[in-house]
>>> print(open('target01.txt').read())   # compact mmCIF, C-alpha atoms
# COMPACT_ATOMS: atom_id res chain seq x y z
CA MET A 1 0.00 0.00 0.00
CA SER A 2 1.10 3.58 -0.58
CA ALA A 3 -0.10 6.85 0.93
CA PRO A 4 0.10 10.40 -0.42
CA VAL A 5 2.27 12.84 1.53
CA VAL A 6 2.07 16.60 1.18
CA THR A 7 5.47 18.28 1.39
CA ARG A 8 7.28 21.42 0.33
CA ALA A 9 10.94 20.46 0.47
CA THR A 10 12.54 18.59 -2.43
CA ARG A 11 15.96 17.08 -2.93
CA ALA A 12 16.95 20.11 -5.03
CA SER A 13 15.84 22.56 -2.34
CA ARG A 14 17.74 20.66 0.38
CA VAL A 15 20.91 20.66 -1.70
CA ALA A 16 20.41 24.35 -2.47
CA MET A 17 20.09 25.20 1.23
CA VAL A 18 23.35 23.35 2.03
CA ILE A 19 25.17 25.12 -0.80
CA ALA A 20 23.72 28.48 0.33
CA ALA A 21 24.93 27.92 3.90
CA LEU A 22 28.43 27.11 2.68
CA ALA A 23 28.38 30.15 0.37
CA VAL A 24 27.40 32.43 3.26
CA ILE A 25 30.35 31.16 5.32
CA VAL A 26 32.77 31.74 2.44
CA LEU A 27 31.36 35.20 1.73
CA ALA A 28 31.50 36.16 5.41
CA LEU A 29 35.25 35.48 5.30
CA ALA A 30 35.74 37.65 2.19
CA PRO A 31 37.60 40.48 4.01
CA TRP A 32 40.43 37.97 4.56
CA TRP A 33 40.64 36.69 0.97
CA ALA A 34 39.23 39.42 -1.30
CA GLY A 35 40.75 42.72 -2.35
CA ARG A 36 39.35 46.14 -1.54
CA ALA A 37 37.74 46.59 -4.98
CA ASP A 38 36.22 43.12 -4.80
CA LEU A 39 34.67 43.87 -1.40
CA ARG A 40 33.07 47.04 -2.71
CA LEU A 41 31.72 45.23 -5.78
CA MET A 42 30.29 42.33 -3.77
CA GLY A 43 28.76 44.76 -1.28
CA GLU A 44 27.06 46.56 -4.16
CA ILE A 45 25.78 43.24 -5.51
CA PHE A 46 24.25 42.36 -2.13
CA LEU A 47 22.53 45.74 -1.86
CA TYR A 48 21.07 45.51 -5.37
CA LEU A 49 19.94 41.96 -4.62
CA SER A 50 18.12 43.25 -1.54
CA LEU A 51 16.38 45.99 -3.50
CA ALA A 52 15.40 43.49 -6.21
CA CYS A 53 13.92 41.04 -3.68
CA LEU A 54 11.89 43.84 -2.06
CA TRP A 55 10.59 45.17 -5.38
CA ASN A 56 9.76 41.61 -6.45
CA LEU A 57 7.73 41.12 -3.26
CA MET A 58 5.69 44.21 -4.07
CA ALA A 59 5.26 43.76 -7.81
CA GLY A 60 5.55 40.00 -8.23
CA TYR A 61 3.35 39.00 -5.30
CA ALA A 62 1.29 42.01 -4.20
CA GLY A 63 0.77 43.43 -7.69
CA LEU A 64 2.11 46.85 -6.63
CA VAL A 65 4.18 47.79 -9.69
CA SER A 66 6.12 50.77 -8.39
CA VAL A 67 8.56 52.90 -10.38
CA GLY A 68 9.19 55.17 -7.43
CA GLN A 69 11.04 53.04 -4.89
CA GLN A 70 13.95 55.45 -5.22
CA ALA A 71 11.86 57.63 -2.89
CA PHE A 72 12.66 55.39 0.06
CA VAL A 73 16.22 54.68 -1.04
CA GLY A 74 16.90 58.41 -0.99
CA PHE A 75 14.91 58.91 2.19
CA GLY A 76 16.96 56.27 3.98
CA GLY A 77 20.18 57.84 2.75
CA TYR A 78 19.21 61.32 3.86
CA MET A 79 17.99 60.09 7.24
CA LEU A 80 21.39 58.46 7.78
CA PHE A 81 23.06 61.83 7.26
CA ALA A 82 20.48 63.80 9.27
CA LEU A 83 20.40 61.47 12.27
CA THR A 84 24.18 61.17 12.49
CA ILE A 85 25.02 64.85 11.86
CA PHE A 86 22.22 66.50 13.83
CA GLY A 87 21.10 63.70 16.14
CA GLY A 88 24.53 62.43 17.07
CA LEU A 89 23.49 58.80 16.53
CA HIS A 90 25.85 56.01 15.57
CA PRO A 91 25.54 55.30 11.81
CA ILE A 92 24.14 51.78 12.32
CA VAL A 93 21.54 53.06 14.78
CA ALA A 94 20.69 55.87 12.34
CA ILE A 95 20.18 53.36 9.51
CA LEU A 96 17.79 51.30 11.62
CA GLY A 97 16.03 54.51 12.66
CA SER A 98 15.60 55.46 9.01
CA GLY A 99 13.72 52.20 8.48
CA VAL A 100 11.33 53.01 11.33
CA LEU A 101 10.75 56.54 10.00
CA ALA A 102 10.20 55.20 6.48
CA ALA A 103 7.60 52.75 7.75
CA MET A 104 5.75 55.59 9.47
CA LEU A 105 5.98 57.82 6.39
CA SER A 106 4.83 55.07 4.03
CA VAL A 107 1.39 54.89 5.67
CA PRO A 108 0.17 58.36 4.57
CA VAL A 109 1.95 57.87 1.22
CA ALA A 110 0.06 54.61 0.71
CA ALA A 111 -3.21 56.31 1.67
CA LEU A 112 -2.68 58.62 -1.31
CA ILE A 113 -1.30 56.36 -4.03
CA PHE A 114 -3.42 53.29 -3.20
CA ARG A 115 -6.34 55.22 -4.65
CA LEU A 116 -4.68 54.69 -8.05
CA LYS A 117 -4.71 51.48 -10.06
CA GLY A 118 -2.45 49.93 -12.67
CA ALA A 119 -0.36 52.36 -14.70
CA TYR A 120 -1.72 55.29 -12.69
CA PHE A 121 -0.34 53.71 -9.51
CA ALA A 122 3.09 53.33 -11.13
CA ILE A 123 3.07 56.96 -12.25
CA GLY A 124 1.88 58.03 -8.81
CA THR A 125 4.85 56.36 -7.12
CA TRP A 126 7.24 58.13 -9.50
CA VAL A 127 5.58 61.48 -8.82
CA MET A 128 5.87 60.86 -5.08
CA ALA A 129 9.58 60.11 -5.51
CA GLU A 130 10.01 63.42 -7.33
CA VAL A 131 8.28 65.19 -4.44
CA PHE A 132 10.80 63.60 -2.09
CA ARG A 133 13.70 64.69 -4.32
CA LEU A 134 12.52 68.28 -4.61
CA THR A 135 11.86 68.45 -0.87
CA PHE A 136 15.32 67.32 0.17
CA ALA A 137 16.89 69.58 -2.46
CA GLN A 138 15.51 72.52 -0.46
CA VAL A 139 17.09 71.43 2.84
CA SER A 140 20.16 73.68 2.99
CA ALA A 141 21.39 72.04 6.20
CA LEU A 142 21.99 68.86 4.15
CA GLY A 143 23.67 70.63 1.27
CA GLY A 144 20.60 71.58 -0.75
CA GLY A 145 20.84 70.67 -4.41
CA SER A 146 24.58 69.97 -4.30
CA GLY A 147 24.44 67.50 -1.42
CA THR A 148 26.83 66.87 1.44
CA SER A 149 29.36 64.38 2.81
CA LEU A 150 29.51 62.46 6.06
CA PRO A 151 31.74 64.21 8.63
CA VAL A 152 35.07 62.56 9.36
CA GLY A 153 34.06 61.90 12.96
CA VAL A 154 30.97 59.98 11.88
CA VAL A 155 32.98 57.90 9.43
CA LYS A 156 35.64 57.05 12.03
CA SER A 157 32.97 56.02 14.52
CA LEU A 158 32.46 52.89 12.40
CA ALA A 159 36.04 51.69 12.80
CA ALA A 160 39.45 53.20 13.43
CA SER A 161 41.06 51.96 10.20
CA ARG A 162 39.95 52.22 6.59
CA SER A 163 40.16 48.48 6.10
CA GLY A 164 37.99 47.98 9.19
CA ARG A 165 35.36 50.36 7.85
CA GLU A 166 35.30 48.66 4.47
CA ALA A 167 34.99 45.23 6.07
CA LEU A 168 32.14 46.45 8.28
CA SER A 169 30.32 48.00 5.31
CA TYR A 170 30.71 44.71 3.44
CA TRP A 171 29.36 42.66 6.35
CA LEU A 172 26.40 45.02 6.72
CA ALA A 173 25.56 44.62 3.03
CA LEU A 174 25.88 40.83 3.24
CA GLY A 175 23.77 40.76 6.39
CA ALA A 176 21.12 42.94 4.78
CA ALA A 177 20.84 40.61 1.77
CA ILE A 178 20.58 37.53 3.99
CA THR A 179 18.00 39.22 6.21
CA VAL A 180 15.85 40.41 3.30
CA ILE A 181 15.87 37.04 1.53
CA THR A 182 15.12 35.18 4.77
CA CYS A 183 12.30 37.52 5.78
CA VAL A 184 10.69 37.37 2.34
CA TYR A 185 10.98 33.58 2.32
CA LEU A 186 9.44 33.17 5.78
CA PHE A 187 6.71 35.68 4.96
CA LEU A 188 5.73 33.82 1.79
CA ARG A 189 5.59 30.54 3.72
CA SER A 190 3.26 32.05 6.34
CA ARG A 191 -0.52 32.41 6.20
CA ARG A 192 -0.13 36.03 5.15
CA GLY A 193 2.13 34.91 2.33
CA LEU A 194 -0.52 32.45 1.22
CA ALA A 195 -3.06 35.27 1.23
CA LEU A 196 -0.68 37.40 -0.81
CA THR A 197 -0.25 34.64 -3.36
CA ALA A 198 -4.02 34.31 -3.61
CA ILE A 199 -4.30 38.06 -4.24
CA ARG A 200 -1.66 37.81 -6.97
CA ASP A 201 -3.56 34.99 -8.70
CA SER A 202 -7.02 36.62 -8.47
CA GLU A 203 -8.09 39.57 -6.35
CA VAL A 204 -11.75 38.75 -6.92
CA ALA A 205 -11.37 35.17 -5.71
CA ALA A 206 -9.19 36.27 -2.78
CA SER A 207 -11.78 38.81 -1.71
CA GLY A 208 -14.45 36.13 -1.91
CA LEU A 209 -12.41 34.01 0.51
CA GLY A 210 -12.45 36.81 3.07
CA ILE A 211 -8.94 38.18 2.49
CA ASP A 212 -8.56 41.88 3.26
CA ILE A 213 -6.79 42.91 0.06
CA TRP A 214 -6.18 46.56 0.94
CA ARG A 215 -4.74 45.74 4.36
CA THR A 216 -2.51 42.96 3.01
CA LYS A 217 -1.09 45.23 0.32
CA LEU A 218 -0.58 48.00 2.85
CA GLU A 219 1.41 45.67 5.11
CA VAL A 220 3.64 44.68 2.19
CA TYR A 221 4.13 48.30 1.16
CA VAL A 222 5.05 49.43 4.68
CA VAL A 223 7.49 46.57 5.25
CA THR A 224 9.18 46.95 1.86
CA SER A 225 9.44 50.72 2.34
CA ALA A 226 11.15 50.24 5.72
CA PHE A 227 13.63 47.71 4.37
CA THR A 228 14.25 49.82 1.25
CA ALA A 229 15.13 52.82 3.45
CA ILE A 230 17.56 50.67 5.44
CA ILE A 231 19.19 49.51 2.20
CA GLY A 232 19.34 53.14 1.07
CA GLY A 233 21.16 54.04 4.26
CA LEU A 234 23.68 51.24 3.67
CA ILE A 235 24.19 52.36 0.07
CA PHE A 236 25.14 55.89 1.08
CA LEU A 237 27.13 54.69 4.04
CA GLN A 238 29.39 53.10 1.43
CA LYS A 239 29.40 56.20 -0.77
CA LEU A 240 29.94 58.65 2.16
CA ARG A 241 28.30 61.41 0.10
CA ILE A 242 24.73 62.15 -0.91
CA SER A 243 22.90 64.52 -3.25
CA PRO A 244 19.26 64.69 -4.40
CA ASP A 245 20.02 63.49 -7.92
CA ALA A 246 22.08 60.53 -6.70
CA ALA A 247 19.72 59.61 -3.85
CA PHE A 248 16.53 59.70 -5.92
CA SER A 249 17.90 58.39 -9.23
CA VAL A 250 15.19 56.46 -11.05
CA ASN A 251 17.79 54.73 -13.22
CA ASP A 252 20.04 53.48 -10.43
CA TRP A 253 17.48 52.44 -7.83
CA THR A 254 14.38 51.51 -9.85
CA ALA A 255 15.06 50.94 -13.57
CA PHE A 256 18.03 48.64 -12.98
CA VAL A 257 16.15 46.84 -10.20
CA ILE A 258 13.16 46.25 -12.49
CA PHE A 259 15.54 44.94 -15.15
CA ILE A 260 17.05 42.50 -12.64
CA VAL A 261 13.67 41.14 -11.55
CA VAL A 262 12.20 40.91 -15.07
CA ILE A 263 15.11 39.00 -16.62
CA GLY A 264 15.55 36.81 -13.56
CA GLY A 265 11.91 35.91 -13.08
CA ILE A 266 9.26 38.02 -11.42
CA GLY A 267 7.17 36.34 -8.76
CA THR A 268 9.94 33.95 -7.70
CA LEU A 269 12.59 34.10 -4.99
CA GLU A 270 15.26 32.66 -7.26
CA GLY A 271 14.61 35.23 -10.01
CA PRO A 272 16.19 38.29 -8.34
CA ILE A 273 19.31 36.25 -7.50
CA ILE A 274 19.73 35.11 -11.11
CA GLY A 275 18.90 38.57 -12.44
CA THR A 276 21.41 40.29 -10.14
CA LEU A 277 24.21 38.00 -11.29
CA VAL A 278 23.34 38.56 -14.96
CA PHE A 279 23.08 42.33 -14.50
CA PHE A 280 26.47 42.68 -12.84
CA LEU A 281 28.08 40.30 -15.32
CA LEU A 282 26.85 42.50 -18.17
CA ARG A 283 27.78 45.70 -16.34
CA GLU A 284 31.31 44.66 -15.51
CA THR A 285 31.86 43.30 -19.03
CA LEU A 286 30.35 46.19 -21.01
CA ALA A 287 30.69 49.22 -18.73
CA ASP A 288 33.67 50.55 -20.73
CA PHE A 289 31.58 50.73 -23.91
CA GLY A 290 29.48 53.70 -22.76
CA THR A 291 25.97 53.87 -24.24
CA ILE A 292 26.41 50.47 -25.87
CA TYR A 293 26.17 49.02 -22.38
CA LEU A 294 22.67 50.44 -21.90
CA MET A 295 21.65 49.33 -25.39
CA VAL A 296 22.74 45.77 -24.61
CA LEU A 297 20.77 45.82 -21.36
CA GLY A 298 17.68 46.92 -23.28
CA ALA A 299 18.19 44.27 -25.94
CA VAL A 300 18.63 41.54 -23.31
CA ALA A 301 15.45 42.65 -21.54
CA ILE A 302 13.46 42.61 -24.80
CA VAL A 303 14.73 39.17 -25.82
CA VAL A 304 14.01 37.67 -22.39
CA MET A 305 10.50 39.16 -22.28
CA LEU A 306 9.74 37.79 -25.75
CA LYS A 307 11.32 34.36 -25.41
CA ALA A 308 10.87 33.77 -21.67
CA PRO A 309 8.06 35.98 -20.28
CA LYS A 310 8.53 34.40 -16.84
CA GLY A 311 12.24 35.22 -16.84
CA ILE A 312 15.29 33.00 -16.90
CA TRP A 313 14.37 31.15 -13.73
CA GLY A 314 10.75 30.76 -14.86
CA LEU A 315 12.00 29.05 -18.00
CA VAL A 316 14.25 26.72 -15.98
CA ARG A 317 11.51 25.96 -13.45
CA ASP A 318 8.94 25.09 -16.10
CA ARG A 319 11.32 22.85 -17.99
CA TYR A 320 12.94 20.99 -15.08
CA ASP A 321 10.35 21.47 -12.30
CA LEU A 322 12.98 22.97 -9.97
CA GLU A 323 12.30 25.07 -6.89
CA LEU A 324 15.29 26.02 -4.75
CA PHE A 325 13.15 27.85 -2.18
CA PRO A 326 10.42 25.39 -1.20
CA LEU A 327 7.25 27.47 -1.27
CA SER A 328 4.86 25.29 -3.27
CA TYR A 329 3.08 22.28 -1.87
CA ARG A 330 3.84 18.96 -3.56
CA VAL A 331 2.18 15.58 -3.27
CA ARG A 332 4.37 12.49 -3.31
CA ILE A 333 3.59 8.85 -2.74
CA LYS A 334 5.16 7.30 0.36
CA GLU A 335 5.67 3.58 0.26
CA ASP A 336 4.53 1.76 3.43
>>> encode(input="target01.txt", output="C-alpha cells")
Amino acid sequence: MSAPVVTRATRASRVAMVIAALAVIVLALAPWWAGRADLRLMGEIFLYLSLACLWNLMAGYAGLVSVGQQAFVGFGGYMLFALTIFGGLHPIVAILGSGVLAAMLSVPVAALIFRLKGAYFAIGTWVMAEVFRLTFAQVSALGGGSGTSLPVGVVKSLAASRSGREALSYWLALGAAITVITCVYLFLRSRRGLALTAIRDSEVAASGLGIDIWRTKLEVYVVTSAFTAIIGGLIFLQKLRISPDAAFSVNDWTAFVIFIVVIGGIGTLEGPIIGTLVFFLLRETLADFGTIYLMVLGAVAIVVMLKAPKGIWGLVRDRYDLELFPLSYRVRIKED
C-alpha cells in the first residue's frame, strides 16, 4: 500500500540550502581573501539583490508595480546623514532609525497612491519620488541641491582603520541581503504569504475568501518601504556622500532593479538572484563601452520578455520542475 504525503521540500531545495549555507560562510570570510575593490563590488551586488527582492515582493506578489522606490532609497540615505550629523546617533543606529521613519511615512503615502490602479499607480509612485527629491533639495542644512558628505568623525565612529570600515560595510551589506531574503521567504511561507499569493492569482477570488486585500497590500508596502530605506542608508554609508540626484535616481534604484527582476523571473525568490548575477556580469563586461552598455541591457530585456516571459528562472523551473526555495506544496507517494 502507498499513501500520499504533502510536502514542500525537495531534494533540489535541500541541496540548495546546504550550498547556500556554505556560500554564506565563504562570503563572510571575504575580508580575509578578497581585495578592496572586490569587497566594494560584492557589497554593491548584495545591496542591489536586496532591492530586487523587495521590489519583487511588491510587484511580483502584491501586484504593486512601483517605479518610485527610489523615494525610500533616498529617504533612507538622507535620514542616515540627518540622524548622524544633527542627532549624534551612531551610523548603524541611524540606519535602523531610518527604516522606522520610512515605515511611518509610508502609511500616509500609501493612503494617497493606493487610490490609483495599474499604470496610474506606477506613475503616482514616480511622482511621489520626485516630491521627495525636490523636498530634500531645499534642505540647505543637508547641502541643498549639491548635497553633502559624512563628517570625518561619523565615518571614524564605524572603525578606526579604513580596512575595518570597508569590512564592516561589506558585512552590513551581506547581512542585509541575507536578512531580506530570509524575511521574504518566511513571509511567503506564512498564512499572510498564502493570502498574498491568492491576491496575486485573483483579487476577486481572494476577496471572496475573506482576504482583506487593501490591508494585506498596505502591510507589504510598509514593510518593503522600511527595508528599502535601510538599504538606502547602507548604500550611502558606502558612498559617504549624498545629493538629491544621486539619492533619488530612477535609473540606479528603480530601472536597474526592475531589469534585474524581469530578466531573472518576477514572482519567484530565485529570479532576483539570477537577475542580479546577470546584471552585474553585463555591467562589468560592457561598462567601458558607454551607451552600448545600456543598449545591450535593453536588448537583453526585450529578448528575455519575448522568449521567456517568466524570466530566466521561470524558464528553468517550467522545464525541469525545480524550486530552490520550497514554497509550493507537492504531493508524493510514500511507500509503506
>>> closest_atom_pairs(input="target01.txt", of="segment 197-316 of chain A", to="segment 165-186 of chain A", cutoff="10 Å", atoms="only C-alpha atoms", output="CSV")
residue,atom,partner,partner_atom,distance
A:Thr224,CA,A:Val180,CA,9.5
A:Phe227,CA,A:Val180,CA,7.7
A:Thr228,CA,A:Val180,CA,9.8
A:Ile230,CA,A:Ala176,CA,8.5
A:Ile231,CA,A:Ala176,CA,7.3
A:Leu234,CA,A:Ala173,CA,6.9
A:Ile235,CA,A:Ala173,CA,8.4
A:Leu237,CA,A:Ser169,CA,7.5
A:Gln238,CA,A:Ser169,CA,6.5
A:Leu269,CA,A:Tyr185,CA,7.5
A:Glu270,CA,A:Ile181,CA,9.8
A:Pro272,CA,A:Ile181,CA,10.0
A:Ile273,CA,A:Ile181,CA,9.7
>>> closest_atom_pairs(input="target01.txt", of="segment 195-299 of chain A", to="segment 117-131 of chain A", cutoff="12 Å", atoms="all atoms listed in the file", output="JSON lines")
{"residue": "A:Tyr221", "atom": "CA", "partner": "A:Thr125", "partner_atom": "CA", "distance": 11.6}
{"residue": "A:Ser225", "atom": "CA", "partner": "A:Thr125", "partner_atom": "CA", "distance": 11.9}
{"residue": "A:Pro244", "atom": "CA", "partner": "A:Glu130", "partner_atom": "CA", "distance": 9.8}
{"residue": "A:Asp245", "atom": "CA", "partner": "A:Glu130", "partner_atom": "CA", "distance": 10.0}
{"residue": "A:Ala247", "atom": "CA", "partner": "A:Ala129", "partner_atom": "CA", "distance": 10.3}
{"residue": "A:Phe248", "atom": "CA", "partner": "A:Ala129", "partner_atom": "CA", "distance": 7.0}
{"residue": "A:Ser249", "atom": "CA", "partner": "A:Ala129", "partner_atom": "CA", "distance": 9.3}
{"residue": "A:Val250", "atom": "CA", "partner": "A:Trp126", "partner_atom": "CA", "distance": 8.3}
{"residue": "A:Asn251", "atom": "CA", "partner": "A:Trp126", "partner_atom": "CA", "distance": 11.7}
{"residue": "A:Trp253", "atom": "CA", "partner": "A:Ala129", "partner_atom": "CA", "distance": 11.3}
{"residue": "A:Thr254", "atom": "CA", "partner": "A:Trp126", "partner_atom": "CA", "distance": 9.7}
{"residue": "A:Ala255", "atom": "CA", "partner": "A:Trp126", "partner_atom": "CA", "distance": 11.4}
>>> closest_residue(input="target01.txt", among="A:Val300, A:Val109, A:Ala9, A:Leu327", to="Phe187 of chain A", atoms="all atoms listed in the file")
A:Leu327
>>> residues_around(input="target01.txt", residues="Gly99 of chain A", least_positions_apart="6", cutoff="12 Å", atoms="all atoms listed in the file", output="list of chain:residue names")
A:Phe72, A:Val73, A:Gly74, A:Phe75, A:Gly76, A:Gly77, A:Tyr78, A:Met79, A:Leu80, A:Ile92, A:Val93, A:Leu105, A:Ser106, A:Val222, A:Val223, A:Thr224, A:Ser225, A:Ala226, A:Phe227, A:Thr228, A:Ala229, A:Ile230, A:Ile231, A:Gly232, A:Gly233, A:Leu234
>>> atom_distance(input="target01.txt", atom1="atom CA of Leu51 of chain A", atom2="atom CA of Ile266 of chain A")
13.3 Å
>>> atom_distance(input="target01.txt", atom1="atom CA of Gly298 of chain A", atom2="atom CA of Leu281 of chain A")
14.7 Å
>>> atom_distance(input="target01.txt", atom1="atom CA of Leu142 of chain A", atom2="atom CA of Gly88 of chain A")
14.7 Å
>>> closest_residue(input="target01.txt", among="A:Met104, A:Pro91, A:Ala21, A:Ser163", to="Leu39 of chain A", atoms="only C-alpha atoms")
A:Ser163
>>> residues_around(input="target01.txt", residues="Thr148 of chain A", least_positions_apart="6", cutoff="12 Å", atoms="only C-alpha atoms", output="list in words")
Gly77, Tyr78, Leu80, Phe81, Ala82, Ile85, Phe136, Ala137, Val139, Ser140, Ala141, Leu142, Phe236, Lys239, Leu240, Arg241, Ile242, Ser243, Pro244, Ala246 and Ala247 of chain A
>>> closest_residue(input="target01.txt", among="A:Leu306, A:Ile292, A:Leu218, A:Ala52", to="Pro108 of chain A", atoms="only C-alpha atoms")
A:Leu218
>>> closest_residue(input="target01.txt", among="A:Val262, A:Leu116, A:Met58, A:Ala20", to="Leu188 of chain A", atoms="all atoms listed in the file")
A:Met58
>>> closest_residue(input="target01.txt", among="A:Thr7, A:Ser149, A:Ser13, A:Gln69", to="Leu322 of chain A", atoms="only C-alpha atoms")
A:Ser13
>>> closest_residue(input="target01.txt", among="A:Val257, A:Glu219, A:Thr285, A:His90", to="Lys156 of chain A", atoms="all atoms listed in the file")
A:His90
>>> residues_around(input="target01.txt", residues="Ala301 of chain A", least_positions_apart="6", cutoff="12 Å", atoms="all atoms listed in the file", output="list in words")
Ala255, Phe256, Ile258, Phe259, Ile260, Val261, Val262, Ile263, Gly264, Gly265, Gly275, Val278, Phe279, Leu282, Leu294, Met295, Lys307, Ala308, Pro309, Lys310, Gly311 and Ile312 of chain A
>>> residues_near_point(input="target01.txt", point="(42.4, 51.3, -0.7)", cutoff="8 Å", atoms="all atoms listed in the file", output="mmCIF file with C-alpha atoms, in the coordinates of the input")
data_model
loop_
_atom_site.group_PDB
_atom_site.id
_atom_site.type_symbol
_atom_site.label_atom_id
_atom_site.label_comp_id
_atom_site.auth_asym_id
_atom_site.auth_seq_id
_atom_site.Cartn_x
_atom_site.Cartn_y
_atom_site.Cartn_z
ATOM 1 C CA ARG A 36 39.350 46.140 -1.540
ATOM 2 C CA ALA A 37 37.740 46.590 -4.980
ATOM 3 C CA ARG A 162 39.950 52.220 6.590
ATOM 4 C CA SER A 163 40.160 48.480 6.100
#
>>> residues_around(input="target01.txt", residues="Arg14 of chain A", least_positions_apart="6", cutoff="9 Å", atoms="all atoms listed in the file", output="PyMOL selection string")
chain A and resi 324-326
>>> write_last_selection(input="target01.txt", atoms="C-alpha atoms", output="mmCIF file, in the frame of the given file")
data_model
loop_
_atom_site.group_PDB
_atom_site.id
_atom_site.type_symbol
_atom_site.label_atom_id
_atom_site.label_comp_id
_atom_site.auth_asym_id
_atom_site.auth_seq_id
_atom_site.Cartn_x
_atom_site.Cartn_y
_atom_site.Cartn_z
ATOM 1 C CA LEU A 324 15.290 26.020 -4.750
ATOM 2 C CA PHE A 325 13.150 27.850 -2.180
ATOM 3 C CA PRO A 326 10.420 25.390 -1.200
#
>>> residues_around(input="target01.txt", residues="Ser202 of chain A", least_positions_apart="4", cutoff="12 Å", atoms="all atoms listed in the file", output="ChimeraX atom specification")
/A:61-63,195-198,206-209,211,213
